[in-house]
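File shown: data15.cif. Contents: mmCIF, C-alpha atoms and all ligand atoms.
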```cif
data_entry
#
loop_
_atom_site.label_atom_id
_atom_site.label_comp_id
_atom_site.auth_asym_id
_atom_site.auth_seq_id
_atom_site.Cartn_x
_atom_site.Cartn_y
_atom_site.Cartn_z
CA PHE A 151 12.48 5.22 21.50
CA ILE A 152 12.82 3.97 25.09
CA LEU A 153 11.73 7.34 26.48
CA MET A 154 8.75 7.58 24.13
CA TRP A 155 7.28 4.08 24.34
CA ILE A 156 8.77 1.76 26.92
CA LEU A 157 9.06 4.14 29.86
CA PRO A 158 5.40 5.35 29.87
CA GLY A 159 4.24 1.74 29.48
CA LEU A 160 6.36 0.68 32.40
CA LEU A 161 5.10 3.59 34.46
CA PHE A 162 1.49 2.70 33.79
CA TYR A 163 2.15 -0.90 34.70
CA ILE A 164 3.72 0.04 38.03
CA ILE A 165 0.84 2.39 38.91
CA TRP A 166 -1.72 -0.29 38.05
CA ARG A 167 0.11 -2.82 40.21
CA GLN A 168 0.17 -0.43 43.16
CA THR A 169 -3.51 0.50 43.00
CA SER A 170 -4.62 -3.09 42.59
CA LYS A 171 -2.51 -4.05 45.59
CA SER A 172 -3.96 -1.33 47.81
CA LEU A 173 -7.51 -2.19 46.69
CA GLN A 174 -6.87 -5.81 47.52
CA ALA A 175 -5.57 -4.86 50.94
CA ARG A 176 -8.70 -2.82 51.55
CA LEU A 177 -10.95 -5.71 50.61
CA GLY A 178 -9.29 -7.76 53.30
CA ALA A 179 -7.09 -10.79 53.30
CA GLY A 180 -8.00 -13.38 50.72
CA GLY A 181 -10.20 -11.00 48.78
CA ASN A 182 -9.18 -10.76 45.16
CA PHE A 183 -10.81 -7.77 43.58
CA MET A 184 -10.86 -9.47 40.19
CA SER A 185 -12.88 -12.45 41.42
CA PHE A 186 -16.44 -11.26 41.74
CA GLY A 187 -17.83 -14.78 41.72
CA ASN A 188 -16.88 -15.17 45.34
CA SER A 189 -18.12 -12.80 48.01
CA GLY A 190 -15.11 -13.53 50.21
CA ALA A 191 -17.25 -12.76 53.25
CA LYS A 192 -17.27 -15.33 55.97
CA ILE A 193 -20.62 -16.77 56.89
CA TYR A 194 -20.56 -18.64 60.15
CA ALA A 195 -22.90 -21.37 61.18
CA ASP A 196 -23.64 -21.55 64.86
CA SER A 197 -23.90 -25.25 65.48
CA ASP A 198 -24.30 -25.32 69.23
CA ILE A 199 -27.46 -23.38 69.99
CA LYS A 200 -28.70 -23.66 73.54
CA THR A 201 -31.91 -21.67 73.08
CA THR A 202 -35.07 -23.77 73.23
CA PHE A 203 -38.79 -23.09 73.11
CA ALA A 204 -38.73 -22.91 76.92
CA ASP A 205 -36.81 -19.62 76.60
CA VAL A 206 -39.59 -18.14 74.50
CA ALA A 207 -42.46 -17.12 76.73
CA GLY A 208 -45.93 -16.82 75.25
CA GLN A 209 -46.09 -16.83 71.42
CA ASN A 210 -47.78 -20.22 71.55
CA GLU A 211 -49.22 -20.03 68.03
CA ALA A 212 -45.82 -19.29 66.53
CA LYS A 213 -44.23 -22.12 68.50
CA GLU A 214 -46.95 -24.52 67.43
CA MET A 215 -46.56 -23.64 63.76
CA LEU A 216 -42.81 -24.01 63.94
CA SER A 217 -42.82 -27.25 65.88
CA GLU A 218 -43.74 -29.00 62.63
CA ILE A 219 -40.46 -27.82 61.16
CA VAL A 220 -38.61 -29.07 64.24
CA ASN A 221 -40.37 -32.41 63.83
CA PHE A 222 -39.37 -32.60 60.21
CA LEU A 223 -35.72 -31.87 60.99
CA HIS A 224 -35.76 -34.49 63.72
CA ASN A 225 -37.44 -37.16 61.72
CA PRO A 226 -37.46 -36.43 57.97
CA GLN A 227 -38.12 -40.08 57.14
CA LYS A 228 -41.68 -39.84 58.40
CA TYR A 229 -42.43 -37.03 55.97
CA THR A 230 -40.51 -38.27 52.94
CA ASP A 231 -42.08 -41.74 53.23
CA ILE A 232 -45.48 -40.31 52.53
CA GLY A 233 -44.09 -38.04 49.84
CA ALA A 234 -44.54 -34.77 51.63
CA SER A 235 -41.97 -32.03 51.46
CA LEU A 236 -42.03 -29.34 54.06
CA PRO A 237 -42.41 -25.64 53.27
CA LYS A 238 -38.99 -24.32 52.37
CA GLY A 239 -39.47 -21.12 54.20
CA ALA A 240 -41.51 -19.36 56.83
CA LEU A 241 -41.85 -15.65 57.33
CA LEU A 242 -41.98 -14.35 60.90
CA VAL A 243 -43.97 -11.15 60.87
CA GLY A 244 -44.24 -8.78 63.80
CA PRO A 245 -43.11 -5.53 65.39
CA PRO A 246 -39.48 -5.17 66.54
CA GLY A 247 -38.49 -6.78 69.81
CA THR A 248 -41.24 -9.37 69.87
CA GLY A 249 -38.79 -12.25 69.78
CA LYS A 250 -38.57 -13.22 66.10
CA THR A 251 -34.83 -13.84 66.24
CA LEU A 252 -35.25 -15.64 69.54
CA ILE A 253 -37.89 -17.97 68.11
CA ALA A 254 -35.78 -18.74 65.03
CA ARG A 255 -32.83 -19.59 67.26
CA ALA A 256 -35.09 -21.74 69.40
CA VAL A 257 -36.17 -23.73 66.33
CA ALA A 258 -32.51 -24.47 65.59
CA GLY A 259 -31.86 -25.26 69.24
CA GLU A 260 -34.81 -27.63 69.48
CA ALA A 261 -33.92 -29.41 66.25
CA LYS A 262 -30.21 -29.42 67.18
CA VAL A 263 -29.15 -28.25 63.74
CA PRO A 264 -26.69 -25.54 62.65
CA PHE A 265 -28.04 -22.00 62.46
CA PHE A 266 -26.96 -19.50 59.81
CA ALA A 267 -27.97 -15.98 60.80
CA ILE A 268 -27.61 -13.11 58.37
CA SER A 269 -29.24 -9.73 58.09
CA GLY A 270 -30.90 -8.65 54.86
CA SER A 271 -28.80 -5.51 54.78
CA GLU A 272 -25.62 -7.60 54.67
CA PHE A 273 -26.56 -8.63 51.16
CA VAL A 274 -26.50 -5.05 50.00
CA GLN A 275 -22.87 -4.61 49.01
CA MET A 276 -20.60 -2.01 47.56
CA PHE A 277 -19.80 -3.79 44.30
CA VAL A 278 -22.25 -4.97 41.71
CA GLY A 279 -22.68 -8.71 41.92
CA MET A 280 -21.29 -9.09 45.42
CA GLY A 281 -24.71 -9.38 47.06
CA ALA A 282 -25.72 -12.14 44.67
CA ALA A 283 -22.40 -13.87 45.29
CA LYS A 284 -23.05 -13.74 49.00
CA VAL A 285 -26.46 -15.37 48.53
CA ARG A 286 -24.79 -18.11 46.48
CA ASP A 287 -22.14 -18.62 49.14
CA LEU A 288 -24.73 -18.82 51.88
CA PHE A 289 -26.80 -21.46 50.13
CA LYS A 290 -23.72 -23.44 49.15
CA GLN A 291 -22.58 -23.60 52.75
CA ALA A 292 -26.08 -24.40 53.98
CA ASN A 293 -26.33 -27.27 51.52
CA GLU A 294 -23.10 -28.69 52.86
CA LYS A 295 -24.34 -28.48 56.43
CA ALA A 296 -27.91 -29.69 55.81
CA PRO A 297 -30.07 -30.22 57.74
CA CYS A 298 -29.81 -26.66 58.97
CA ILE A 299 -31.68 -23.41 59.38
CA ILE A 300 -30.98 -20.15 57.58
CA PHE A 301 -32.33 -17.05 59.30
CA ILE A 302 -32.54 -13.82 57.31
CA ASP A 303 -33.35 -10.91 59.61
CA GLU A 304 -35.04 -7.81 58.15
CA ILE A 305 -35.54 -9.43 54.80
CA ASP A 306 -37.24 -6.27 53.52
CA ALA A 307 -33.75 -4.81 52.97
CA VAL A 308 -33.34 -7.13 49.95
CA GLY A 309 -36.88 -8.35 49.43
CA ARG A 310 -38.65 -5.07 48.69
CA ALA A 311 -40.93 -5.19 45.66
CA ARG A 312 -39.04 -4.73 42.42
CA GLY A 313 -39.60 -2.06 39.85
CA LYS A 314 -41.74 0.27 41.96
CA ASN A 315 -39.56 3.30 41.31
CA PRO A 316 -38.41 3.04 37.72
CA ASN A 317 -37.04 6.57 37.83
CA MET A 318 -34.85 6.03 40.82
CA GLY A 319 -32.31 3.81 39.08
CA GLY A 320 -29.37 2.41 40.99
CA ASN A 321 -31.54 -0.32 42.43
CA ASP A 322 -30.32 -2.94 40.03
CA GLU A 323 -27.88 -4.38 42.51
CA ARG A 324 -30.59 -5.07 45.06
CA GLU A 325 -32.80 -6.59 42.39
CA ASN A 326 -29.98 -8.87 41.27
CA THR A 327 -29.55 -10.01 44.84
CA LEU A 328 -33.27 -10.65 45.21
CA ASN A 329 -33.34 -12.57 41.93
CA GLN A 330 -30.46 -14.69 43.12
CA LEU A 331 -32.28 -15.38 46.39
CA LEU A 332 -35.41 -16.45 44.49
CA THR A 333 -33.37 -18.69 42.21
CA GLU A 334 -31.55 -20.33 45.11
CA MET A 335 -34.80 -20.96 46.95
CA ASP A 336 -36.19 -22.70 43.90
CA GLY A 337 -33.00 -24.59 43.32
CA PHE A 338 -32.50 -26.48 46.50
CA ASP A 339 -34.15 -29.70 47.40
CA GLY A 340 -36.82 -29.28 50.06
CA LYS A 341 -36.32 -32.83 51.25
CA LYS A 342 -32.73 -32.18 52.20
CA GLY A 343 -33.70 -30.24 55.28
CA VAL A 344 -32.59 -26.67 54.67
CA VAL A 345 -35.28 -24.46 56.17
CA ILE A 346 -35.22 -20.71 55.65
CA LEU A 347 -36.78 -18.49 58.24
CA ALA A 348 -37.02 -14.78 57.61
CA ALA A 349 -38.18 -11.91 59.77
CA THR A 350 -39.77 -8.62 58.82
CA ASN A 351 -42.02 -6.00 60.31
CA ARG A 352 -43.16 -4.72 56.93
CA PRO A 353 -44.58 -7.73 55.08
CA GLU A 354 -46.60 -5.53 52.72
CA SER A 355 -43.43 -4.14 51.16
CA LEU A 356 -42.11 -7.55 50.13
CA ASP A 357 -41.99 -8.70 46.55
CA LYS A 358 -44.88 -10.98 45.64
CA ALA A 359 -42.49 -13.53 44.18
CA LEU A 360 -41.02 -14.10 47.64
CA LEU A 361 -44.39 -15.00 49.09
CA ARG A 362 -45.62 -17.46 46.53
CA PRO A 363 -45.91 -21.17 47.44
CA GLY A 364 -42.57 -22.92 47.44
CA ARG A 365 -40.83 -19.91 48.93
CA PHE A 366 -41.99 -18.09 52.04
CA ASP A 367 -45.46 -19.51 51.89
CA ARG A 368 -46.00 -19.70 55.62
CA ARG A 369 -46.60 -16.52 57.45
CA ILE A 370 -46.20 -16.73 61.20
CA PRO A 371 -47.45 -13.74 63.15
CA VAL A 372 -45.36 -12.81 66.16
CA GLU A 373 -47.45 -10.26 68.02
CA LEU A 374 -46.88 -8.02 71.00
CA PRO A 375 -47.57 -10.11 74.12
CA ASP A 376 -50.86 -9.87 76.01
CA LEU A 377 -51.06 -9.72 79.81
CA LYS A 378 -50.45 -13.45 80.22
CA GLY A 379 -47.60 -13.33 77.74
CA ARG A 380 -46.01 -10.33 79.46
CA VAL A 381 -46.11 -12.01 82.85
CA ALA A 382 -44.57 -15.15 81.34
CA ILE A 383 -41.80 -13.14 79.65
CA LEU A 384 -41.06 -11.30 82.91
CA LYS A 385 -40.80 -14.63 84.69
CA VAL A 386 -38.45 -16.11 82.07
CA HIS A 387 -36.10 -13.17 82.40
CA ALA A 388 -36.38 -13.01 86.18
CA LYS A 389 -35.02 -16.54 86.45
CA ASN A 390 -31.41 -15.39 86.23
CA VAL A 391 -31.88 -12.43 88.57
CA LYS A 392 -32.15 -12.49 92.38
CA MET A 393 -35.67 -11.36 93.17
CA GLY A 394 -37.03 -10.17 96.52
CA SER A 395 -40.09 -11.73 98.12
CA ASP A 396 -42.40 -8.78 97.40
CA ILE A 397 -42.35 -9.13 93.61
CA ASP A 398 -45.76 -9.12 91.97
CA PHE A 399 -45.31 -9.93 88.28
CA ASP A 400 -49.03 -9.49 87.60
CA ALA A 401 -48.89 -5.88 88.68
CA ILE A 402 -45.86 -5.23 86.48
CA GLY A 403 -47.58 -7.01 83.58
CA ARG A 404 -50.66 -4.82 83.99
CA ALA A 405 -48.59 -1.65 84.05
CA THR A 406 -46.75 -2.47 80.83
CA SER A 407 -49.48 -2.95 78.27
CA GLY A 408 -48.09 -2.53 74.77
CA ALA A 409 -44.52 -3.35 75.81
CA SER A 410 -42.57 -5.77 73.63
CA GLY A 411 -40.60 -8.76 74.87
CA ALA A 412 -37.36 -6.85 74.45
CA GLU A 413 -38.69 -3.98 76.59
CA LEU A 414 -39.82 -6.37 79.30
CA ALA A 415 -36.38 -8.00 79.34
CA ASN A 416 -34.92 -4.53 79.65
CA ILE A 417 -37.23 -3.67 82.55
CA ILE A 418 -35.91 -6.63 84.54
CA ASN A 419 -32.33 -5.66 83.75
CA GLU A 420 -32.85 -1.98 84.63
CA GLY A 421 -34.42 -3.13 87.90
CA ALA A 422 -31.35 -5.21 88.68
CA LEU A 423 -29.06 -2.29 87.84
CA ARG A 424 -31.05 -0.02 90.15
CA ALA A 425 -30.77 -2.57 92.95
CA VAL A 426 -26.99 -2.61 92.53
CA ARG A 427 -26.86 1.19 92.50
CA GLN A 428 -28.69 1.22 95.82
CA GLY A 429 -26.40 -1.43 97.28
CA ARG A 430 -28.96 -4.21 97.54
CA ALA A 431 -28.37 -7.86 96.66
CA TYR A 432 -31.87 -8.47 95.30
CA VAL A 433 -34.49 -6.70 93.20
CA THR A 434 -37.63 -5.29 94.80
CA GLN A 435 -41.01 -4.36 93.39
CA ALA A 436 -40.10 -0.67 93.68
CA ASP A 437 -37.05 -1.26 91.46
CA LEU A 438 -39.21 -2.79 88.77
CA GLU A 439 -41.82 -0.03 89.01
CA GLU A 440 -39.13 2.59 88.65
CA SER A 441 -37.58 0.79 85.69
CA ILE A 442 -40.92 0.61 83.86
CA GLU A 443 -40.79 4.38 83.77
CA VAL A 444 -37.15 4.39 82.75
CA VAL A 445 -37.72 1.95 79.88
CA ILE A 446 -40.94 3.51 78.66
CA ALA A 447 -40.33 7.20 79.37
CA GLY A 448 -36.56 7.51 79.90
CA TYR A 449 -34.50 8.46 82.94
CA GLN A 450 -35.80 10.97 85.46
CA LYS A 451 -34.32 14.40 84.77
CA LYS A 452 -33.44 15.55 88.24
CA ASN A 453 -32.00 18.89 87.13
CA ALA A 454 -34.96 19.79 84.99
CA ILE A 455 -37.18 20.90 87.88
CA LEU A 456 -38.88 24.18 87.12
CA THR A 457 -38.23 27.09 89.45
CA GLU A 458 -41.16 29.04 90.88
CA ALA A 459 -40.50 31.87 88.44
CA GLU A 460 -40.46 29.53 85.44
CA LYS A 461 -43.72 27.89 86.55
CA TRP A 462 -45.25 31.35 86.84
CA THR A 463 -44.09 32.20 83.30
CA VAL A 464 -45.53 28.98 81.94
CA ALA A 465 -48.84 29.20 83.77
CA VAL A 466 -49.73 32.88 83.47
CA SER A 467 -49.91 34.74 80.24
CA TYR A 468 -49.97 38.52 80.38
CA THR A 469 -52.22 40.29 78.03
P1 LIG B 1 -36.93 -9.25 67.09
O1 LIG B 1 -36.02 -10.16 66.32
O2 LIG B 1 -38.38 -9.58 66.94
O3 LIG B 1 -36.67 -7.80 66.90
P2 LIG B 1 -35.55 -10.37 69.32
O4 LIG B 1 -35.79 -11.81 69.08
O5 LIG B 1 -34.21 -9.85 68.93
O6 LIG B 1 -36.67 -9.51 68.63
O7 LIG B 1 -35.84 -10.06 70.83
C1 LIG B 1 -35.00 -9.29 71.63
C2 LIG B 1 -34.97 -9.80 73.04
O8 LIG B 1 -36.24 -9.65 73.66
C3 LIG B 1 -34.66 -11.25 73.12
O9 LIG B 1 -33.28 -11.49 73.15
C4 LIG B 1 -35.32 -11.65 74.44
O10 LIG B 1 -34.44 -11.41 75.52
C5 LIG B 1 -36.48 -10.71 74.56
N1 LIG B 1 -37.75 -11.35 74.20
C6 LIG B 1 -38.58 -10.96 73.20
N2 LIG B 1 -39.67 -11.74 73.14
C7 LIG B 1 -39.53 -12.68 74.11
C8 LIG B 1 -40.33 -13.79 74.54
N3 LIG B 1 -41.49 -14.10 73.96
N4 LIG B 1 -39.87 -14.54 75.57
C9 LIG B 1 -38.71 -14.25 76.16
N5 LIG B 1 -37.91 -13.22 75.80
C10 LIG B 1 -38.31 -12.42 74.78
#
```
Please go through the file and, once you have read it, give me the structure as structure tokens.
Ligand code: ADP
Amino acid sequence: FILMWILPGLLFYIIWRQTSKSLQARLGAGGNFMSFGNSGAKIYADSDIKTTFADVAGQNEAKEMLSEIVNFLHNPQKYTDIGASLPKGALLVGPPGTGKTLIARAVAGEAKVPFFAISGSEFVQMFVGMGAAKVRDLFKQANEKAPCIIFIDEIDAVGRARGKNPNMGGNDERENTLNQLLTEMDGFDGKKGVVILAATNRPESLDKALLRPGRFDRRIPVELPDLKGRVAILKVHAKNVKMGSDIDFDAIGRATSGASGAELANIINEGALRAVRQGRAYVTQADLEESIEVVIAGYQKKNAILTEAEKWTVAVSYT
């Protein structure tokens, strides 16, 4: 009787215990694989942000539109007295590297409030329900720390329009997460001072429900900088670098049309690296000109020079 019934039962129990233990270990300390209500992931608020609008060169329209939010976080009384509640969310729209994250941080820095930064793809989790749990966790923590700013980078990872590919299947998890996000945005009190900023470079792919009033109803374009903007960005980034006396930022600005803020920051840094390589203690105009080419076209390939014979082969075709 023991061999037939008790022993197999015991065996199964031991195997189940072992697998559950190893799964728990894999999920990390504190993660209980039976408790799906809690994402277990840590979401940190950065409460000491030093970035201000002065660090963001150009982008005056975006700064102007966001300064209202800063005002509100500074002085909510003024707005609540008259009965106004601020937009709960604003969507920063623009190509990569134009400073969307930087601007969002600057809003938190100016308003001196905690800053929760999370990427849309972090909501897409392995287990069903975990993404939604993470959204819940995030909003719970934000409510505790209000007033504060939540920044969701690349929101298109969760916010893509629902139900476009009914045949694809397997998208339910993302839809659940999006639904949870929509519910949470409706649920919290706009007067409490939790402002959600989100960034995307593909606004057309977002679900309509995200864009309706009461959610991300403000759209703030963050464009590639124009000549004036490029020169200003170069100057902001040159502040921390020793520059020679021959630097002409206008010339660099003119030579970099179409470059994003991130590329311009990189140009200054590449210039500084080149100066170090050549044993100088400051950056010259030639360094910057060289680094424009490095950043835009890549490093010079010194070994890829064509021999005379190869040039002949390329240039002349025998018939
Ligand atoms: P995005 O989030 O739009 O992809 P980021 O905010 O991450 O871009 O920008 C990357 C970097 O580019 C920033 O850390 C900053 O150094 C630089 N940068 C971009 N735009 C600006 C700007 N307007 N002024 C100053 N620096 C900028």
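Neighbouring residues of stretch 347-355 of chain A at 8 Å or closer, counting all atoms listed in the file and skipping chain neighbours under 3 positions away, are Gly239, Ala240, Leu241, Leu242, Val243, Gly244, Pro245, Pro246, Lys250, Thr251, Ala254, Ile299, Ile300, Phe301, Ile302, Asp303, Glu304, Ile305, Asp306, Gly309, Arg310 and Ala311 of chain A.
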I'd like the interatomic distance between atom CA of A:Arg404 and atom CA of A:Lys452, to a tenth of an Å. 27.0 Å
So the first atom is atom CA of A:Arg430 and the second is atom CA of A:Ala388; what is the distance between them in Å, to one decimal place? 16.2 Å
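For the pair atom CA of A:Lys358 and atom CA of A:Thr327, the interatomic distance is 15.4 Å.
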Neighbouring residues of ligand LIG 1 (chain B) are defined here as those with any atom at most 9 Å from a ligand atom, counting only C-alpha atoms and all ligand atoms; list them as number ranges by chain. A: 203-209, 242-255, 303-304, 349-351, 372, 374-375, 379-380, 382-387, 410-416
Which one is closest to A:Lys342: A:Phe399, A:Tyr229, A:Phe273, A:Trp155? Count only C-alpha atoms.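 Closest to A:Lys342, using only C-alpha atoms: A:Tyr229.
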Nearby residues (only C-alpha atoms) at most 10 Å from A:Gly394, same-chain spacing under 3 positions excluded, as an NGL selection string: :A and (391 or 397-398 or 431-435)
Expected file: the selected residues, C-alpha atoms, as a PDB file, in the frame of the given file:
```
ATOM      1  CA  VAL A 391     -31.880 -12.430  88.570  1.00  0.00           C
ATOM      2  CA  ILE A 397     -42.350  -9.130  93.610  1.00  0.00           C
ATOM      3  CA  ASP A 398     -45.760  -9.120  91.970  1.00  0.00           C
ATOM      4  CA  ALA A 431     -28.370  -7.860  96.660  1.00  0.00           C
ATOM      5  CA  TYR A 432     -31.870  -8.470  95.300  1.00  0.00           C
ATOM      6  CA  VAL A 433     -34.490  -6.700  93.200  1.00  0.00           C
ATOM      7  CA  THR A 434     -37.630  -5.290  94.800  1.00  0.00           C
ATOM      8  CA  GLN A 435     -41.010  -4.360  93.390  1.00  0.00           C
TER       9      GLN A 435
END
```
Non-local contacts of A:Glu420 (10 Å; only C-alpha atoms; under 4 positions in same chain excluded) as a list in words: Leu414, Ala415, Asn416, Arg424, Ala425, Val426, Val433, Asp437, Leu438, Glu440, Ser441, Ile442, Val444 and Val445 of chain A
Have a look at A:Ala195, A:Val278, A:Ala267, A:Leu216 and name the one nearest to A:Asn326; count all atoms listed in the file. A:Val278
Surrounding residues of A:Arg324 excluding itself and chain neighbours under 6 positions, 8 Å, only C-alpha atoms, as a VMD selection string: chain A and resid 274 281 308
Given the choices A:Ile219, A:Ala454, A:Val344, A:Ala359, which gets closest to A:Leu328 if the distance is worked out from all atoms listed in the file?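 Checking each candidate against A:Leu328, we get A:Ala359 as the closest.
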